[in-house]
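Undergrad: Got a structure for you, questions after.
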Amino acid sequence: MKGRDTIFANIKKSLGVEHDDHVRRETVSARIEKHPRNVIPARGQKPAPDRTALFLQMAENAKASVVMLDSKDDVPAAVADYLRSKNLPQSIRRGDDERLSLIPWATQRALEVTTGASDGAQLASVSYSFGAVAESGTLVMLSGRDNPTTLNFLPDHHVVVVDERDIAGDYETVWDKIRERFGENKMPRVVNWISGPSRSGDIEQTHLLGAQGPRSLHVLVVRSS
Amino acid sequence: MTQTVNSPQFNRNARKALDDAFLQKALARSEKGFIERRKAAVEKLPEYDALRDNARDLKDHILGHLDLYLDVYEKNVIASGGHVHWAATAEEANEIILGICKRLNAKTVAKGKSMISEETGLNAYLEENGVRPIETDLGEYIIQLRGETPSHIIAPALHVTKEQIEADFRRAHTELPPGRNLDEPTSLLAEARAMLRESFLNVEVGITGANFLIAETGSSVIVTNEGNGDLTQTLAKAHIVISSIEKVVPTREDAATFLRLLARTASGMDLSVYTTFSTGARREGDPDGPFEYHVVLLDNGRSNMLGGKFQEMLRCIRCGACMNHCPVFHAVGGHAYGWVYPGPMGAVLTPSLVGVEKGGQLPNASTFCGRCEEVCPVRIPLPKLMRNWREREFERHLQPATVRYGLGLWAAFAKRPALYRAATSLVIKFLRLIGGKGRFRALPLAGGWTRHRDFPTPQGETFQSLWSKRSQSR
């Protein structure tokens, strides 16, 4: 603990707060407990239909492709279409998430559906997002027993299903939803905000898609009636 | 063992950079893109300036309570199953990381981009001790093949041209057919992707940096466009985060505020493609993710900056906008600065971390045009801080005698306005007399200027006399 003691002693000395000060302590615990919101752009603060439209527009700006579906029952056909459009084999890997299990995959007879994490051998994956943010066209994915993180990064093509009602205007709304689900200061192991497919600007500052992660990101938004 | 400091040779480095045709080509290309992209993103967000004020105040609040937020952060990392290691110096950080690698018998480690690991010289240290680090960010991968350090904090291979990358890949990837076509940037990217895929799937330890640490939850945050940081940390058995202490923010809401500024200011994107919040190791039932989660927190001189003249520098969120907008950086690139951090932020931070004796040259590498402060997302008064360093350098008699005498001479005139006016108008008249309407190709005492460009003959009067005439005529 030598490093820790040295660092803390030095911080306190530089700040001139060597004596325990309850006002400072209370200021800090109050901020953590109340987690006040800061400036939030007006851009995302819209009623539902406009919010969805903004999400679709921002996701496309981020180079994702998007499709609106009337029902979850339409997901298998939309996935099959997408695979065909990319000249890919009819095969996907998905997590065990209940929302994905309830989708009638069997309606697409040619579509092979396997479950579990990715080991790098799968070309396409399908995930269900916990939420989305209209402000920047961002998907919010949580890790967990039924939602392998590797499915977000290893396959070349990533398809994500989003419920329209889960599209929030801003990040703060999704943080509150995560608090509701996991408890006040708790997080799942990983929260991934994903805005478009992988890219790199490292070769002469030209943005090229498909760097280390998925080359394409396809978003299926299921309409909330 | 930390990164070697070559900053005292700034003048020599800069001259070399100006003569480097490859570098000049690379710099000319990058300058416009960064500036235009940022401008477009900022114009689309009416709240941008309000966010900057918000972020500045928030950083000041955090720095004033840094001990307490770090304490909360540490408790929450431990509560979520992670480990926290404190490193007062770069050497301690390297030893801690090597210790974890040895315990896990790691022969190779994958690395996401981390400027803190550049600061500690981690790669060289690991290699000397039998552990091979593999950089996975494309830019870092390129410069690792070239045996170089990053020349920009978010675009490490900014100084390299496409043709150079092709040559590096042919030299390094000897297992691939020599006749393959690498003309297009896309084929270079595809080759790097394939090479790195193998590495990700076969390493024991993944090391990433952190853009932010969240006290409320004990989470570390990284942003990438490639997804390399995620593959690095998800596929390894252990994830090690290396971060400096000032990266802590109180809550997830506060992280969101900084994230709204970071990518826009850095690259003109609303958000980076991947923003990842990591909290602890693999949970029960998780099908993937690392089994161990470690955070190494580095001080390396930062705690000394608190409460003093340079505390404002610790607000920096490492977006790179100050260097993207700096005329000196555009001319000489990042390597000339001689240590880890280039551009205006580097000119302030380097002397703070390695000492004014070694870093004191850098604050002189500024025209004080003020663009860096104008674009800084947390409103760091960079010109003021560079001026503070210049004063300190002068007080400590660290400049060469010619500079000191020159400054003394100039001050003698500047403090006596009548004398200054008389002298300048005399010099101007004299120059006009001998130069006519032409240009000087050489001038005594102005060789530093005329070696690289002509000096125009002064036309008309001095600025001051024009100004006073103008004011009178109103």
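Quick note on naming: the chains in the structure tokens go A, B, ... in the order shown, residues restart at 1 in each chain, and ligands are numbered from 1 in order of appearance.
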Please, which residues of stretch 133-206 of chain A, numbered as in this document, come out helix (DSSP H, G or I) from DSSP, as a PyMOL selection string?
TA: chain A and resi 150-153+164-166+171-182
Undergrad: Just write the chosen residues, N, CA, C and O atoms, as an mmCIF file, in the first residue's frame.
TA:
data_model
loop_
_atom_site.group_PDB
_atom_site.id
_atom_site.type_symbol
_atom_site.label_atom_id
_atom_site.label_comp_id
_atom_site.auth_asym_id
_atom_site.auth_seq_id
_atom_site.Cartn_x
_atom_site.Cartn_y
_atom_site.Cartn_z
ATOM 1 N N THR A 150 -18.852 -11.025 -27.035
ATOM 2 C CA THR A 150 -18.110 -11.361 -28.260
ATOM 3 C C THR A 150 -18.988 -11.242 -29.515
ATOM 4 O O THR A 150 -18.476 -10.992 -30.598
ATOM 5 N N LEU A 151 -20.340 -11.419 -29.345
ATOM 6 C CA LEU A 151 -21.220 -11.308 -30.517
ATOM 7 C C LEU A 151 -21.262 -9.885 -31.051
ATOM 8 O O LEU A 151 -21.620 -9.645 -32.199
ATOM 9 N N ASN A 152 -20.903 -8.913 -30.206
ATOM 10 C CA ASN A 152 -20.887 -7.510 -30.658
ATOM 11 C C ASN A 152 -19.637 -7.175 -31.464
ATOM 12 O O ASN A 152 -19.579 -6.139 -32.103
ATOM 13 N N PHE A 153 -18.589 -8.009 -31.355
ATOM 14 C CA PHE A 153 -17.289 -7.603 -31.906
ATOM 15 C C PHE A 153 -16.639 -8.579 -32.880
ATOM 16 O O PHE A 153 -15.946 -8.162 -33.790
ATOM 17 N N GLU A 164 -38.848 -0.273 -30.300
ATOM 18 C CA GLU A 164 -38.998 1.174 -30.466
ATOM 19 C C GLU A 164 -39.183 1.864 -29.113
ATOM 20 O O GLU A 164 -38.649 2.938 -28.876
ATOM 21 N N ARG A 165 -39.902 1.210 -28.203
ATOM 22 C CA ARG A 165 -40.161 1.865 -26.915
ATOM 23 C C ARG A 165 -38.891 2.000 -26.067
ATOM 24 O O ARG A 165 -38.874 2.761 -25.111
ATOM 25 N N ASP A 166 -37.861 1.280 -26.429
ATOM 26 C CA ASP A 166 -36.594 1.384 -25.684
ATOM 27 C C ASP A 166 -35.682 2.497 -26.204
ATOM 28 O O ASP A 166 -34.582 2.694 -25.684
ATOM 29 N N TYR A 171 -28.567 9.761 -23.123
ATOM 30 C CA TYR A 171 -27.867 8.709 -22.371
ATOM 31 C C TYR A 171 -28.383 8.615 -20.937
ATOM 32 O O TYR A 171 -28.444 7.541 -20.341
ATOM 33 N N GLU A 172 -28.721 9.777 -20.367
ATOM 34 C CA GLU A 172 -29.112 9.831 -18.959
ATOM 35 C C GLU A 172 -30.336 8.953 -18.678
ATOM 36 O O GLU A 172 -30.415 8.302 -17.636
ATOM 37 N N THR A 173 -31.284 8.953 -19.628
ATOM 38 C CA THR A 173 -32.491 8.138 -19.455
ATOM 39 C C THR A 173 -32.120 6.652 -19.384
ATOM 40 O O THR A 173 -32.679 5.896 -18.578
ATOM 41 N N VAL A 174 -31.146 6.255 -20.210
ATOM 42 C CA VAL A 174 -30.742 4.840 -20.206
ATOM 43 C C VAL A 174 -29.990 4.512 -18.902
ATOM 44 O O VAL A 174 -30.150 3.424 -18.340
ATOM 45 N N TRP A 175 -29.188 5.451 -18.398
ATOM 46 C CA TRP A 175 -28.519 5.201 -17.106
ATOM 47 C C TRP A 175 -29.550 4.939 -16.014
ATOM 48 O O TRP A 175 -29.378 4.031 -15.185
ATOM 49 N N ASP A 176 -30.631 5.718 -16.010
ATOM 50 C CA ASP A 176 -31.652 5.500 -14.978
ATOM 51 C C ASP A 176 -32.291 4.126 -15.124
ATOM 52 O O ASP A 176 -32.601 3.456 -14.139
ATOM 53 N N LYS A 177 -32.466 3.710 -16.355
ATOM 54 C CA LYS A 177 -33.060 2.385 -16.594
ATOM 55 C C LYS A 177 -32.121 1.279 -16.106
ATOM 56 O O LYS A 177 -32.559 0.256 -15.573
ATOM 57 N N ILE A 178 -30.817 1.508 -16.262
ATOM 58 C CA ILE A 178 -29.841 0.514 -15.785
ATOM 59 C C ILE A 178 -29.844 0.494 -14.251
ATOM 60 O O ILE A 178 -29.758 -0.565 -13.634
ATOM 61 N N ARG A 179 -29.989 1.658 -13.637
ATOM 62 C CA ARG A 179 -30.090 1.714 -12.168
ATOM 63 C C ARG A 179 -31.308 0.925 -11.696
ATOM 64 O O ARG A 179 -31.254 0.187 -10.727
ATOM 65 N N GLU A 180 -32.422 1.112 -12.418
ATOM 66 C CA GLU A 180 -33.649 0.406 -12.051
ATOM 67 C C GLU A 180 -33.430 -1.105 -12.092
ATOM 68 O O GLU A 180 -33.876 -1.832 -11.216
ATOM 69 N N ARG A 181 -32.731 -1.556 -13.110
ATOM 70 C CA ARG A 181 -32.556 -2.992 -13.316
ATOM 71 C C ARG A 181 -31.502 -3.585 -12.360
ATOM 72 O O ARG A 181 -31.688 -4.667 -11.821
ATOM 73 N N PHE A 182 -30.397 -2.871 -12.150
ATOM 74 C CA PHE A 182 -29.275 -3.494 -11.435
ATOM 75 C C PHE A 182 -29.047 -2.961 -10.024
ATOM 76 O O PHE A 182 -28.299 -3.545 -9.256
#
Undergrad: Give as a list in words every residue of chain B that touches chain A within 6 Å, counting only C-alpha atoms.
TA: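 Taken together, these residues fit the definition: Glu47, Trp86, Ala87, Ala88, Gly139, Arg193, Glu216, Thr217, Asn225, Glu226, Gly227, Asn228, Thr251, Glu253, Val273, Tyr274, Thr275, Thr276, Phe277, Ser278, Thr279, Gly280, Gly285, Asp286, Pro287, Ser303, Leu306 and Gly307 of chain B.
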Undergrad: How would the residues just picked look written out with C-alpha atoms as a compact mmCIF listing (two decimals), in the first residue's frame?
TA:
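out.txt, freshly written:
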# COMPACT_ATOMS: atom_id res chain seq x y z
CA GLU B 47 -25.29 23.41 -26.58
CA TRP B 86 -1.49 2.34 -6.99
CA ALA B 87 1.68 3.46 -8.73
CA ALA B 88 3.36 6.68 -7.62
CA GLY B 139 -2.14 3.36 -35.87
CA ARG B 193 -7.18 -6.96 -39.53
CA GLU B 216 -20.07 5.85 -8.60
CA THR B 217 -19.76 2.36 -10.09
CA ASN B 225 -13.59 3.44 -33.50
CA GLU B 226 -12.01 0.11 -34.38
CA GLY B 227 -13.30 -2.11 -31.57
CA ASN B 228 -9.74 -3.23 -30.86
CA THR B 251 -21.05 9.63 -11.92
CA GLU B 253 -24.11 11.39 -15.90
CA VAL B 273 -18.16 4.02 -32.65
CA TYR B 274 -17.53 2.07 -29.44
CA THR B 275 -17.82 3.52 -25.95
CA THR B 276 -17.31 0.75 -23.43
CA PHE B 277 -17.96 0.79 -19.69
CA SER B 278 -16.19 -2.10 -17.92
CA THR B 279 -16.93 -3.05 -14.34
CA GLY B 280 -15.07 -5.95 -12.78
CA GLY B 285 -22.80 -17.52 -15.80
CA ASP B 286 -21.20 -15.03 -18.24
CA PRO B 287 -20.27 -16.83 -21.48
CA SER B 303 -0.51 15.18 -7.55
CA LEU B 306 -2.81 20.17 -7.86
CA GLY B 307 -3.41 23.43 -6.05
Undergrad: Near B:Ile207, within 8 Å and counting only C-alpha atoms, which residues show up once chain neighbours fewer than 3 positions away are dropped, as a list in words?
TA: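 Non-adjacent residues within range: Val109, Ala110, Lys111, Gly112, Thr232, Gln233, His239, Ile240, Val241 and Ile242 of chain B.
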Undergrad: Measure the distance from atom CA of B:Val221 to atom CA of B:Gly346 in Å and round it to one decimal.
TA: 22.8 Å
Undergrad: Have a look at atom CA of A:Ala121 and atom CA of B:Gly209 and let me know their distance in Å, one decimal.
TA: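 So the answer is 27.9 Å.
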Undergrad: Could you pull out the strand (DSSP E) residues of stretch 8-221 of chain A, going by DSSP on the backbone, and write them as a PyMOL selection string?
TA: chain A and resi 65-69+91-94+112-115+124-128+131-133+138-142+157-163+167-168+190-194+199-200+208-209+216-221
Undergrad: If we count only C-alpha atoms and set the cut-off at 10 Å, which residues sit around B:Phe440, ignoring sequence neighbours fewer than 6 positions away in its own chain? Please answer as an mmCIF file with all heavy atoms, in the first residue's frame.
TA:
data_model
loop_
_atom_site.group_PDB
_atom_site.id
_atom_site.type_symbol
_atom_site.label_atom_id
_atom_site.label_comp_id
_atom_site.auth_asym_id
_atom_site.auth_seq_id
_atom_site.Cartn_x
_atom_site.Cartn_y
_atom_site.Cartn_z
ATOM 1 N N LEU B 431 15.776 50.637 -43.027
ATOM 2 C CA LEU B 431 15.549 49.444 -43.859
ATOM 3 C C LEU B 431 14.965 49.820 -45.216
ATOM 4 O O LEU B 431 15.312 49.244 -46.242
ATOM 5 C CB LEU B 431 14.620 48.463 -43.140
ATOM 6 C CG LEU B 431 15.214 47.694 -41.957
ATOM 7 C CD1 LEU B 431 14.142 46.826 -41.300
ATOM 8 C CD2 LEU B 431 16.381 46.815 -42.407
ATOM 9 N N ILE B 434 17.710 51.289 -47.483
ATOM 10 C CA ILE B 434 18.639 50.354 -48.140
ATOM 11 C C ILE B 434 17.907 49.285 -48.942
ATOM 12 O O ILE B 434 18.477 48.679 -49.829
ATOM 13 C CB ILE B 434 19.621 49.696 -47.142
ATOM 14 C CG1 ILE B 434 18.849 48.922 -46.067
ATOM 15 C CG2 ILE B 434 20.541 50.715 -46.493
ATOM 16 C CD1 ILE B 434 19.747 48.007 -45.245
ATOM 17 N N THR B 450 15.634 34.818 -42.196
ATOM 18 C CA THR B 450 15.954 34.885 -43.622
ATOM 19 C C THR B 450 16.559 33.600 -44.181
ATOM 20 O O THR B 450 16.616 33.424 -45.384
ATOM 21 C CB THR B 450 16.907 36.064 -43.925
ATOM 22 O OG1 THR B 450 18.044 35.942 -43.072
ATOM 23 C CG2 THR B 450 16.240 37.397 -43.681
ATOM 24 N N ARG B 453 13.072 32.210 -45.404
ATOM 25 C CA ARG B 453 12.205 33.048 -46.247
ATOM 26 C C ARG B 453 12.747 34.467 -46.262
ATOM 27 O O ARG B 453 13.508 34.855 -45.388
ATOM 28 C CB ARG B 453 10.773 33.058 -45.722
ATOM 29 C CG ARG B 453 10.691 33.273 -44.209
ATOM 30 C CD ARG B 453 9.452 32.582 -43.699
ATOM 31 N NE ARG B 453 9.248 32.263 -42.328
ATOM 32 C CZ ARG B 453 10.092 31.995 -41.349
ATOM 33 N NH1 ARG B 453 11.398 32.112 -41.485
ATOM 34 N NH2 ARG B 453 9.704 31.634 -40.170
ATOM 35 N N ASP B 454 12.309 35.216 -47.309
ATOM 36 C CA ASP B 454 12.764 36.604 -47.421
ATOM 37 C C ASP B 454 12.076 37.482 -46.381
ATOM 38 O O ASP B 454 11.004 37.144 -45.880
ATOM 39 C CB ASP B 454 12.446 37.155 -48.819
ATOM 40 C CG ASP B 454 13.279 36.455 -49.879
ATOM 41 O OD1 ASP B 454 14.208 35.721 -49.484
ATOM 42 O OD2 ASP B 454 12.989 36.621 -51.076
ATOM 43 N N PHE B 455 12.724 38.599 -46.087
ATOM 44 C CA PHE B 455 12.127 39.555 -45.156
ATOM 45 C C PHE B 455 11.657 40.750 -45.974
ATOM 46 O O PHE B 455 12.438 41.401 -46.660
ATOM 47 C CB PHE B 455 13.178 39.984 -44.127
ATOM 48 C CG PHE B 455 12.609 40.804 -42.996
ATOM 49 C CD1 PHE B 455 12.064 40.187 -41.886
ATOM 50 C CD2 PHE B 455 12.608 42.193 -43.051
ATOM 51 C CE1 PHE B 455 11.535 40.932 -40.845
ATOM 52 C CE2 PHE B 455 12.068 42.947 -42.010
ATOM 53 C CZ PHE B 455 11.542 42.314 -40.896
ATOM 54 N N PRO B 456 10.343 41.063 -45.955
ATOM 55 C CA PRO B 456 9.858 42.164 -46.784
ATOM 56 C C PRO B 456 10.367 43.509 -46.252
ATOM 57 O O PRO B 456 10.468 43.701 -45.045
ATOM 58 C CB PRO B 456 8.336 42.078 -46.656
ATOM 59 C CG PRO B 456 8.068 41.288 -45.424
ATOM 60 C CD PRO B 456 9.261 40.435 -45.153
ATOM 61 N N THR B 457 10.677 44.431 -47.139
ATOM 62 C CA THR B 457 11.083 45.770 -46.720
ATOM 63 C C THR B 457 9.879 46.484 -46.123
ATOM 64 O O THR B 457 8.801 46.457 -46.714
ATOM 65 C CB THR B 457 11.553 46.588 -47.938
ATOM 66 O OG1 THR B 457 12.383 45.758 -48.721
ATOM 67 C CG2 THR B 457 12.314 47.814 -47.506
#
Undergrad: When you count only C-alpha atoms, which of these residues is closest to B:Arg396: B:Gly99, B:Gly360, B:Gly268, B:Pro342?
TA: B:Gly360
Undergrad: Got a sec: who's within 10 Å of stretch 460-462 of chain B, counting only C-alpha atoms, leaving out chain neighbours fewer than 6 positions off, as an mmCIF file with C-alpha atoms, in the first residue's frame?
TA:
data_model
loop_
_atom_site.group_PDB
_atom_site.id
_atom_site.type_symbol
_atom_site.label_atom_id
_atom_site.label_comp_id
_atom_site.auth_asym_id
_atom_site.auth_seq_id
_atom_site.Cartn_x
_atom_site.Cartn_y
_atom_site.Cartn_z
ATOM 1 C CA ARG B 421 8.776 54.447 -30.881
ATOM 2 C CA THR B 424 11.456 51.401 -34.368
ATOM 3 C CA SER B 425 10.662 54.273 -36.713
ATOM 4 C CA LEU B 426 14.390 54.846 -37.187
ATOM 5 C CA VAL B 427 14.989 51.181 -38.024
ATOM 6 C CA ILE B 428 12.091 51.187 -40.454
ATOM 7 C CA LYS B 429 13.369 54.270 -42.250
ATOM 8 C CA ARG B 432 13.443 51.229 -46.440
#
Undergrad: For stretch 127-134 of chain B, find every residue with an atom within 9 Å (counting only C-alpha atoms), except residues of its own chain fewer than 5 positions away, and show them as an mmCIF file with all heavy atoms, in the first residue's frame.
TA:
data_model
loop_
_atom_site.group_PDB
_atom_site.id
_atom_site.type_symbol
_atom_site.label_atom_id
_atom_site.label_comp_id
_atom_site.auth_asym_id
_atom_site.auth_seq_id
_atom_site.Cartn_x
_atom_site.Cartn_y
_atom_site.Cartn_z
ATOM 1 N N LEU B 98 3.971 -6.110 -15.028
ATOM 2 C CA LEU B 98 4.803 -7.283 -15.305
ATOM 3 C C LEU B 98 4.493 -8.402 -14.304
ATOM 4 O O LEU B 98 4.418 -9.579 -14.675
ATOM 5 C CB LEU B 98 6.294 -6.914 -15.242
ATOM 6 C CG LEU B 98 7.253 -8.074 -15.501
ATOM 7 C CD1 LEU B 98 7.137 -8.549 -16.951
ATOM 8 C CD2 LEU B 98 8.707 -7.688 -15.186
ATOM 9 N N CYS B 101 1.432 -10.225 -15.390
ATOM 10 C CA CYS B 101 1.732 -11.049 -16.578
ATOM 11 C C CYS B 101 2.499 -12.310 -16.182
ATOM 12 O O CYS B 101 2.217 -13.402 -16.676
ATOM 13 C CB CYS B 101 2.538 -10.251 -17.594
ATOM 14 S SG CYS B 101 1.630 -8.886 -18.326
ATOM 15 N N LYS B 102 3.491 -12.160 -15.296
ATOM 16 C CA LYS B 102 4.311 -13.320 -14.878
ATOM 17 C C LYS B 102 3.456 -14.343 -14.147
ATOM 18 O O LYS B 102 3.566 -15.547 -14.365
ATOM 19 C CB LYS B 102 5.454 -12.852 -13.968
ATOM 20 C CG LYS B 102 6.495 -12.021 -14.691
ATOM 21 C CD LYS B 102 7.788 -12.782 -14.869
ATOM 22 C CE LYS B 102 8.502 -12.196 -16.030
ATOM 23 N NZ LYS B 102 9.800 -12.402 -16.330
ATOM 24 N N ALA B 106 1.973 -15.155 -18.890
ATOM 25 C CA ALA B 106 1.662 -14.565 -20.191
ATOM 26 C C ALA B 106 2.941 -14.301 -20.968
ATOM 27 O O ALA B 106 3.840 -13.634 -20.484
ATOM 28 C CB ALA B 106 0.888 -13.267 -20.004
ATOM 29 N N LYS B 107 3.003 -14.835 -22.187
ATOM 30 C CA LYS B 107 4.169 -14.596 -23.047
ATOM 31 C C LYS B 107 3.905 -13.426 -23.988
ATOM 32 O O LYS B 107 4.805 -12.725 -24.394
ATOM 33 C CB LYS B 107 4.479 -15.842 -23.876
ATOM 34 C CG LYS B 107 4.936 -17.028 -23.029
ATOM 35 C CD LYS B 107 6.415 -16.907 -22.662
ATOM 36 C CE LYS B 107 6.848 -17.997 -21.685
ATOM 37 N NZ LYS B 107 6.241 -17.846 -20.355
ATOM 38 N N THR B 108 2.625 -13.280 -24.364
ATOM 39 C CA THR B 108 2.252 -12.132 -25.195
ATOM 40 C C THR B 108 1.055 -11.420 -24.565
ATOM 41 O O THR B 108 0.219 -12.062 -23.932
ATOM 42 C CB THR B 108 1.833 -12.552 -26.622
ATOM 43 O OG1 THR B 108 0.833 -13.561 -26.511
ATOM 44 C CG2 THR B 108 2.985 -13.066 -27.425
ATOM 45 N N VAL B 109 0.999 -10.118 -24.726
ATOM 46 C CA VAL B 109 -0.169 -9.366 -24.270
ATOM 47 C C VAL B 109 -0.670 -8.509 -25.428
ATOM 48 O O VAL B 109 0.109 -7.993 -26.223
ATOM 49 C CB VAL B 109 0.140 -8.455 -23.057
ATOM 50 C CG1 VAL B 109 0.671 -9.242 -21.886
ATOM 51 C CG2 VAL B 109 1.104 -7.333 -23.417
ATOM 52 N N ALA B 110 -2.020 -8.402 -25.517
ATOM 53 C CA ALA B 110 -2.604 -7.493 -26.506
ATOM 54 C C ALA B 110 -2.785 -6.148 -25.833
ATOM 55 O O ALA B 110 -3.080 -6.084 -24.643
ATOM 56 C CB ALA B 110 -3.947 -8.033 -26.989
ATOM 57 N N LYS B 111 -2.591 -5.098 -26.594
ATOM 58 C CA LYS B 111 -2.724 -3.764 -26.003
ATOM 59 C C LYS B 111 -3.656 -2.884 -26.800
ATOM 60 O O LYS B 111 -3.523 -2.756 -28.009
ATOM 61 C CB LYS B 111 -1.351 -3.076 -25.943
ATOM 62 C CG LYS B 111 -0.546 -3.426 -24.711
ATOM 63 C CD LYS B 111 0.679 -2.538 -24.623
ATOM 64 C CE LYS B 111 0.318 -1.125 -24.212
ATOM 65 N NZ LYS B 111 1.251 -0.126 -24.748
ATOM 66 N N GLY B 112 -4.608 -2.275 -26.113
ATOM 67 C CA GLY B 112 -5.391 -1.194 -26.709
ATOM 68 C C GLY B 112 -4.567 0.066 -26.582
ATOM 69 O O GLY B 112 -3.539 0.087 -25.890
ATOM 70 N N LEU B 122 6.011 1.251 -21.151
ATOM 71 C CA LEU B 122 5.631 -0.123 -20.798
ATOM 72 C C LEU B 122 6.088 -1.159 -21.821
ATOM 73 O O LEU B 122 6.603 -2.222 -21.451
ATOM 74 C CB LEU B 122 4.101 -0.198 -20.613
ATOM 75 C CG LEU B 122 3.527 -1.565 -20.270
ATOM 76 C CD1 LEU B 122 4.028 -2.040 -18.906
ATOM 77 C CD2 LEU B 122 2.002 -1.549 -20.276
ATOM 78 N N TYR B 141 -0.286 -0.155 -34.140
ATOM 79 C CA TYR B 141 0.302 -1.336 -34.753
ATOM 80 C C TYR B 141 1.344 -0.919 -35.796
ATOM 81 O O TYR B 141 2.455 -1.461 -35.843
ATOM 82 C CB TYR B 141 -0.818 -2.170 -35.393
ATOM 83 C CG TYR B 141 -0.351 -3.413 -36.119
ATOM 84 C CD1 TYR B 141 0.087 -4.530 -35.407
ATOM 85 C CD2 TYR B 141 -0.361 -3.463 -37.514
ATOM 86 C CE1 TYR B 141 0.506 -5.672 -36.082
ATOM 87 C CE2 TYR B 141 0.059 -4.604 -38.185
ATOM 88 C CZ TYR B 141 0.491 -5.700 -37.466
ATOM 89 O OH TYR B 141 0.912 -6.825 -38.120
ATOM 90 N N GLN B 144 4.385 0.541 -34.099
ATOM 91 C CA GLN B 144 5.154 -0.502 -33.413
ATOM 92 C C GLN B 144 6.040 -1.247 -34.415
ATOM 93 O O GLN B 144 7.204 -1.543 -34.137
ATOM 94 C CB GLN B 144 4.221 -1.487 -32.678
ATOM 95 C CG GLN B 144 4.989 -2.428 -31.745
ATOM 96 C CD GLN B 144 4.098 -3.424 -31.023
ATOM 97 O OE1 GLN B 144 3.041 -3.812 -31.525
ATOM 98 N NE2 GLN B 144 4.512 -3.840 -29.839
ATOM 99 N N LEU B 196 -4.069 -9.160 -36.890
ATOM 100 C CA LEU B 196 -4.408 -8.882 -35.498
ATOM 101 C C LEU B 196 -5.441 -9.859 -34.946
ATOM 102 O O LEU B 196 -5.443 -10.177 -33.763
ATOM 103 C CB LEU B 196 -4.909 -7.441 -35.363
ATOM 104 C CG LEU B 196 -3.773 -6.417 -35.380
ATOM 105 C CD1 LEU B 196 -4.309 -5.009 -35.592
ATOM 106 C CD2 LEU B 196 -2.974 -6.483 -34.071
ATOM 107 N N SER B 199 -3.842 -12.557 -33.144
ATOM 108 C CA SER B 199 -3.305 -12.140 -31.851
ATOM 109 C C SER B 199 -4.383 -12.089 -30.781
ATOM 110 O O SER B 199 -4.205 -12.580 -29.668
ATOM 111 C CB SER B 199 -2.670 -10.756 -31.951
ATOM 112 O OG SER B 199 -1.829 -10.677 -33.047
#
